[in-house]
Amino acid sequence: MNASAANVPGQEAWTRIADRVAGQQWPASTLYVVATPIGNLGDLTLRAWQALVRADVIAAEDTRESRVLLDAWGIATPMMSAHRHNEAEAAGAIVARLEQGQRVALISDAGAPAVSDPGARVVRAARAAGFAVVPVPGPSAVITALMGSGVTTDENPAYAFAGFPPTKSMARVRWLERWSALPAPVVLYESPHRVAATLQDMLAVCGPRREVTVARELTKRFEEIATMPLGEVANWLTAQAHRTQGEFVLILHSTGVDPNSDDDAATDALLDALLDALSVRDAARVAARITGLPRDVLYSRALERKQREEQTV
């Protein structure tokens, strides 16, 4: 059902809440770390809007990208650059502004600053100089993907955020071997031109039965969140031309197997024999071919047994 803005109920409530937010305390000499939409401009919170309006300056990762958001919300606050390549210089300039009693709002292109984005250095500098840092929470690609996947539960809410994997395949495989051995879902970001290669490496490391959730274009018009075995993900990606476009969040599901389990004595004996001649990585690879067990689980078990052997020597 469609409704025009004029017919949507609750306009009075909206105005009342907006007035209450505007009337809250907005202390000077404070760094406001503000989360911004990851796609949908409507996801900016009222508190974030007020923080940006009331700031003396907005420190933005990319001022051109942020101008679209600010114009949409009617925010005329001046901006300065604070990105990965000038963060040290920007941190000093921001501290100087705080010393003058200014309010500074820190934003990234999308989502939460200082979470797999620039900003942490600015936050540390402000705190070290004795100024207040106020986080203004909001959109997060990690949390959005977890919400849409159902991969965590209230009984087992654990997950790990790994950020972006390495760009080179060999380094990415080693990186995936470490992260995939964790007994919890692993959330990572990937760019559209590397997502197919990363999923292929994930398949090689974890095997075709391990599940993955692919979340793309979150909060945008063509949002997709799909869960499938790694053995099916290549076909899913190529089934529609647009599926390799946009920004990706990948969730590698937990195996559901305790990697520290010693129940399978035969598997442990096989690993011990392989470790006499092979590295941990190669022993896990060979054992996976022989037993059919997930390679990442075997890698974790082989690593534990190798470390235990070294400690007893």
# chains A, B, ... in the order shown; residues from 1 in each chain; ligands from 1
>>> residues_around(residues="Pro78 in chain A", least_positions_apart="2", cutoff="9 Å", atoms="only C-alpha atoms", output="list of chain:residue names")
A:Ala55, A:Asp56, A:Val57, A:Ile58, A:Ala59, A:Ile75, A:Ala76, A:Met80
>>> residues_around(residues="range 159-166 of chain A", least_positions_apart="2", cutoff="8 Å", atoms="only C-alpha atoms", output="PyMOL selection string")
chain A and resi 116+142+152+157+168-169+171-172+175-176+179+184-190
>>> select_by_dssp(residues="range 176-235 of chain A", states="alpha helix (DSSP H)", output="JSON list (two decimals) with N, CA and C atoms, in the first residue's frame")
[["chain", "number", "residue", "atom", "x", "y", "z"],
["A", 176, "LEU", "N", 41.85, -16.66, 5.27],
["A", 176, "LEU", "CA", 40.60, -17.40, 5.42],
["A", 176, "LEU", "C", 40.79, -18.66, 6.28],
["A", 177, "GLU", "N", 41.93, -19.29, 6.16],
["A", 177, "GLU", "CA", 42.19, -20.47, 6.99],
["A", 177, "GLU", "C", 42.15, -20.11, 8.47],
["A", 178, "ARG", "N", 42.70, -18.95, 8.82],
["A", 178, "ARG", "CA", 42.69, -18.55, 10.23],
["A", 178, "ARG", "C", 41.28, -18.18, 10.69],
["A", 179, "TRP", "N", 40.61, -17.34, 9.92],
["A", 179, "TRP", "CA", 39.30, -16.86, 10.34],
["A", 179, "TRP", "C", 38.24, -17.96, 10.31],
["A", 180, "SER", "N", 38.31, -18.83, 9.33],
["A", 180, "SER", "CA", 37.26, -19.85, 9.19],
["A", 180, "SER", "C", 37.35, -20.92, 10.26],
["A", 195, "VAL", "N", 34.69, -10.11, -5.30],
["A", 195, "VAL", "CA", 33.83, -10.99, -4.52],
["A", 195, "VAL", "C", 33.84, -12.42, -5.06],
["A", 196, "ALA", "N", 33.84, -12.59, -6.39],
["A", 196, "ALA", "CA", 33.84, -13.93, -6.96],
["A", 196, "ALA", "C", 35.11, -14.69, -6.59],
["A", 197, "ALA", "N", 36.26, -14.01, -6.65],
["A", 197, "ALA", "CA", 37.53, -14.65, -6.31],
["A", 197, "ALA", "C", 37.58, -15.01, -4.83],
["A", 198, "THR", "N", 37.08, -14.14, -3.98],
["A", 198, "THR", "CA", 37.08, -14.42, -2.55],
["A", 198, "THR", "C", 36.18, -15.60, -2.23],
["A", 199, "LEU", "N", 35.02, -15.66, -2.84],
["A", 199, "LEU", "CA", 34.12, -16.79, -2.59],
["A", 199, "LEU", "C", 34.72, -18.09, -3.14],
["A", 200, "GLN", "N", 35.48, -18.01, -4.24],
["A", 200, "GLN", "CA", 36.15, -19.20, -4.76],
["A", 200, "GLN", "C", 37.21, -19.69, -3.79],
["A", 201, "ASP", "N", 37.98, -18.77, -3.22],
["A", 201, "ASP", "CA", 38.98, -19.15, -2.21],
["A", 201, "ASP", "C", 38.30, -19.70, -0.96],
["A", 202, "MET", "N", 37.17, -19.12, -0.60],
["A", 202, "MET", "CA", 36.42, -19.61, 0.56],
["A", 202, "MET", "C", 35.97, -21.05, 0.34],
["A", 203, "LEU", "N", 35.54, -21.34, -0.89],
["A", 203, "LEU", "CA", 35.14, -22.70, -1.24],
["A", 203, "LEU", "C", 36.33, -23.66, -1.12],
["A", 204, "ALA", "N", 37.50, -23.23, -1.61],
["A", 204, "ALA", "CA", 38.69, -24.09, -1.55],
["A", 204, "ALA", "C", 39.10, -24.37, -0.12],
["A", 205, "VAL", "N", 38.95, -23.39, 0.76],
["A", 205, "VAL", "CA", 39.36, -23.55, 2.15],
["A", 205, "VAL", "C", 38.34, -24.34, 2.96],
["A", 206, "CYS", "N", 37.07, -24.05, 2.76],
["A", 206, "CYS", "CA", 36.03, -24.56, 3.66],
["A", 206, "CYS", "C", 35.22, -25.72, 3.08],
["A", 230, "LEU", "N", 28.56, -23.13, -0.02],
["A", 230, "LEU", "CA", 29.60, -22.54, -0.86],
["A", 230, "LEU", "C", 29.67, -23.19, -2.23],
["A", 231, "GLY", "N", 29.28, -24.45, -2.33],
["A", 231, "GLY", "CA", 29.29, -25.13, -3.61],
["A", 231, "GLY", "C", 28.30, -24.57, -4.61],
["A", 232, "GLU", "N", 27.34, -23.78, -4.14],
["A", 232, "GLU", "CA", 26.31, -23.23, -5.03],
["A", 232, "GLU", "C", 26.49, -21.74, -5.31],
["A", 233, "VAL", "N", 27.42, -21.10, -4.63],
["A", 233, "VAL", "CA", 27.46, -19.64, -4.67],
["A", 233, "VAL", "C", 27.93, -19.11, -6.03],
["A", 234, "ALA", "N", 28.80, -19.82, -6.73],
["A", 234, "ALA", "CA", 29.27, -19.35, -8.04],
["A", 234, "ALA", "C", 28.11, -19.27, -9.03],
["A", 235, "ASN", "N", 27.26, -20.30, -9.03],
["A", 235, "ASN", "CA", 26.10, -20.29, -9.92],
["A", 235, "ASN", "C", 25.13, -19.19, -9.53]]
>>> closest_residue(among="A:Ile251, A:Arg64, A:Val95, A:Gly111", to="Gly148 in chain A", atoms="only C-alpha atoms")
A:Ile251
>>> closest_residue(among="A:Ala93, A:Asp117, A:Pro27, A:Asp272", to="Asp62 in chain A", atoms="only C-alpha atoms")
A:Asp117
>>> closest_residue(among="A:Val297, A:Leu275, A:Ala226, A:Ala141", to="Glu247 in chain A", atoms="only C-alpha atoms")
A:Ala141
>>> atom_distance(atom1="CA of Asp71 in chain A", atom2="CA of Val34 in chain A")
16.6 Å
>>> atom_distance(atom1="CA of Pro183 in chain A", atom2="CA of Ile225 in chain A")
22.4 Å
>>> residues_around(residues="Thr267 in chain A", least_positions_apart="5", cutoff="10 Å", atoms="only C-alpha atoms", output="ChimeraX atom specification")
/A:262,272-273,287-288,290-291,293,298,301-302
>>> write_last_selection(atoms="N, CA, C and O atoms", output="PDB file, in the first residue's frame")
ATOM      1  N   ASP A 262      38.348 -33.981  20.550  1.00  0.00           N
ATOM      2  CA  ASP A 262      39.283 -35.097  20.398  1.00  0.00           C
ATOM      3  C   ASP A 262      38.531 -36.418  20.252  1.00  0.00           C
ATOM      4  O   ASP A 262      39.100 -37.498  20.432  1.00  0.00           O
ATOM      5  N   ASP A 272      48.378 -36.525  12.964  1.00  0.00           N
ATOM      6  CA  ASP A 272      49.706 -36.689  13.556  1.00  0.00           C
ATOM      7  C   ASP A 272      50.684 -37.282  12.544  1.00  0.00           C
ATOM      8  O   ASP A 272      51.847 -36.854  12.460  1.00  0.00           O
ATOM      9  N   ALA A 273      50.213 -38.249  11.787  1.00  0.00           N
ATOM     10  CA  ALA A 273      51.080 -38.871  10.785  1.00  0.00           C
ATOM     11  C   ALA A 273      51.443 -37.874   9.678  1.00  0.00           C
ATOM     12  O   ALA A 273      52.606 -37.804   9.246  1.00  0.00           O
ATOM     13  N   ALA A 287      44.204 -34.208   4.776  1.00  0.00           N
ATOM     14  CA  ALA A 287      43.233 -34.882   5.641  1.00  0.00           C
ATOM     15  C   ALA A 287      41.800 -34.595   5.188  1.00  0.00           C
ATOM     16  O   ALA A 287      40.921 -35.461   5.296  1.00  0.00           O
ATOM     17  N   ALA A 288      41.550 -33.390   4.687  1.00  0.00           N
ATOM     18  CA  ALA A 288      40.206 -33.054   4.203  1.00  0.00           C
ATOM     19  C   ALA A 288      39.839 -33.911   3.009  1.00  0.00           C
ATOM     20  O   ALA A 288      38.684 -34.356   2.875  1.00  0.00           O
ATOM     21  N   ILE A 290      40.959 -36.906   2.416  1.00  0.00           N
ATOM     22  CA  ILE A 290      40.805 -38.301   2.844  1.00  0.00           C
ATOM     23  C   ILE A 290      39.517 -38.518   3.624  1.00  0.00           C
ATOM     24  O   ILE A 290      38.782 -39.489   3.395  1.00  0.00           O
ATOM     25  N   THR A 291      39.220 -37.616   4.541  1.00  0.00           N
ATOM     26  CA  THR A 291      38.101 -37.818   5.473  1.00  0.00           C
ATOM     27  C   THR A 291      36.797 -37.168   5.017  1.00  0.00           C
ATOM     28  O   THR A 291      35.724 -37.562   5.462  1.00  0.00           O
ATOM     29  N   LEU A 293      36.024 -34.233   5.903  1.00  0.00           N
ATOM     30  CA  LEU A 293      35.692 -33.251   6.931  1.00  0.00           C
ATOM     31  C   LEU A 293      36.078 -31.850   6.465  1.00  0.00           C
ATOM     32  O   LEU A 293      36.929 -31.700   5.588  1.00  0.00           O
ATOM     33  N   LEU A 298      39.808 -29.148  10.328  1.00  0.00           N
ATOM     34  CA  LEU A 298      41.020 -29.959  10.393  1.00  0.00           C
ATOM     35  C   LEU A 298      42.260 -29.078  10.579  1.00  0.00           C
ATOM     36  O   LEU A 298      43.201 -29.468  11.269  1.00  0.00           O
ATOM     37  N   ARG A 301      42.453 -28.258  14.249  1.00  0.00           N
ATOM     38  CA  ARG A 301      42.880 -29.421  15.040  1.00  0.00           C
ATOM     39  C   ARG A 301      44.360 -29.722  14.813  1.00  0.00           C
ATOM     40  O   ARG A 301      45.093 -30.052  15.752  1.00  0.00           O
ATOM     41  N   ALA A 302      44.805 -29.618  13.558  1.00  0.00           N
ATOM     42  CA  ALA A 302      46.213 -29.884  13.254  1.00  0.00           C
ATOM     43  C   ALA A 302      47.109 -28.847  13.923  1.00  0.00           C
ATOM     44  O   ALA A 302      48.176 -29.184  14.453  1.00  0.00           O
TER      45      ALA A 302
END
>>> residues_around(residues="Phe131 in chain A", least_positions_apart="2", cutoff="8 Å", atoms="only C-alpha atoms", output="MDAnalysis selection string")
chainID A and resid 29:31 98 126:129 133
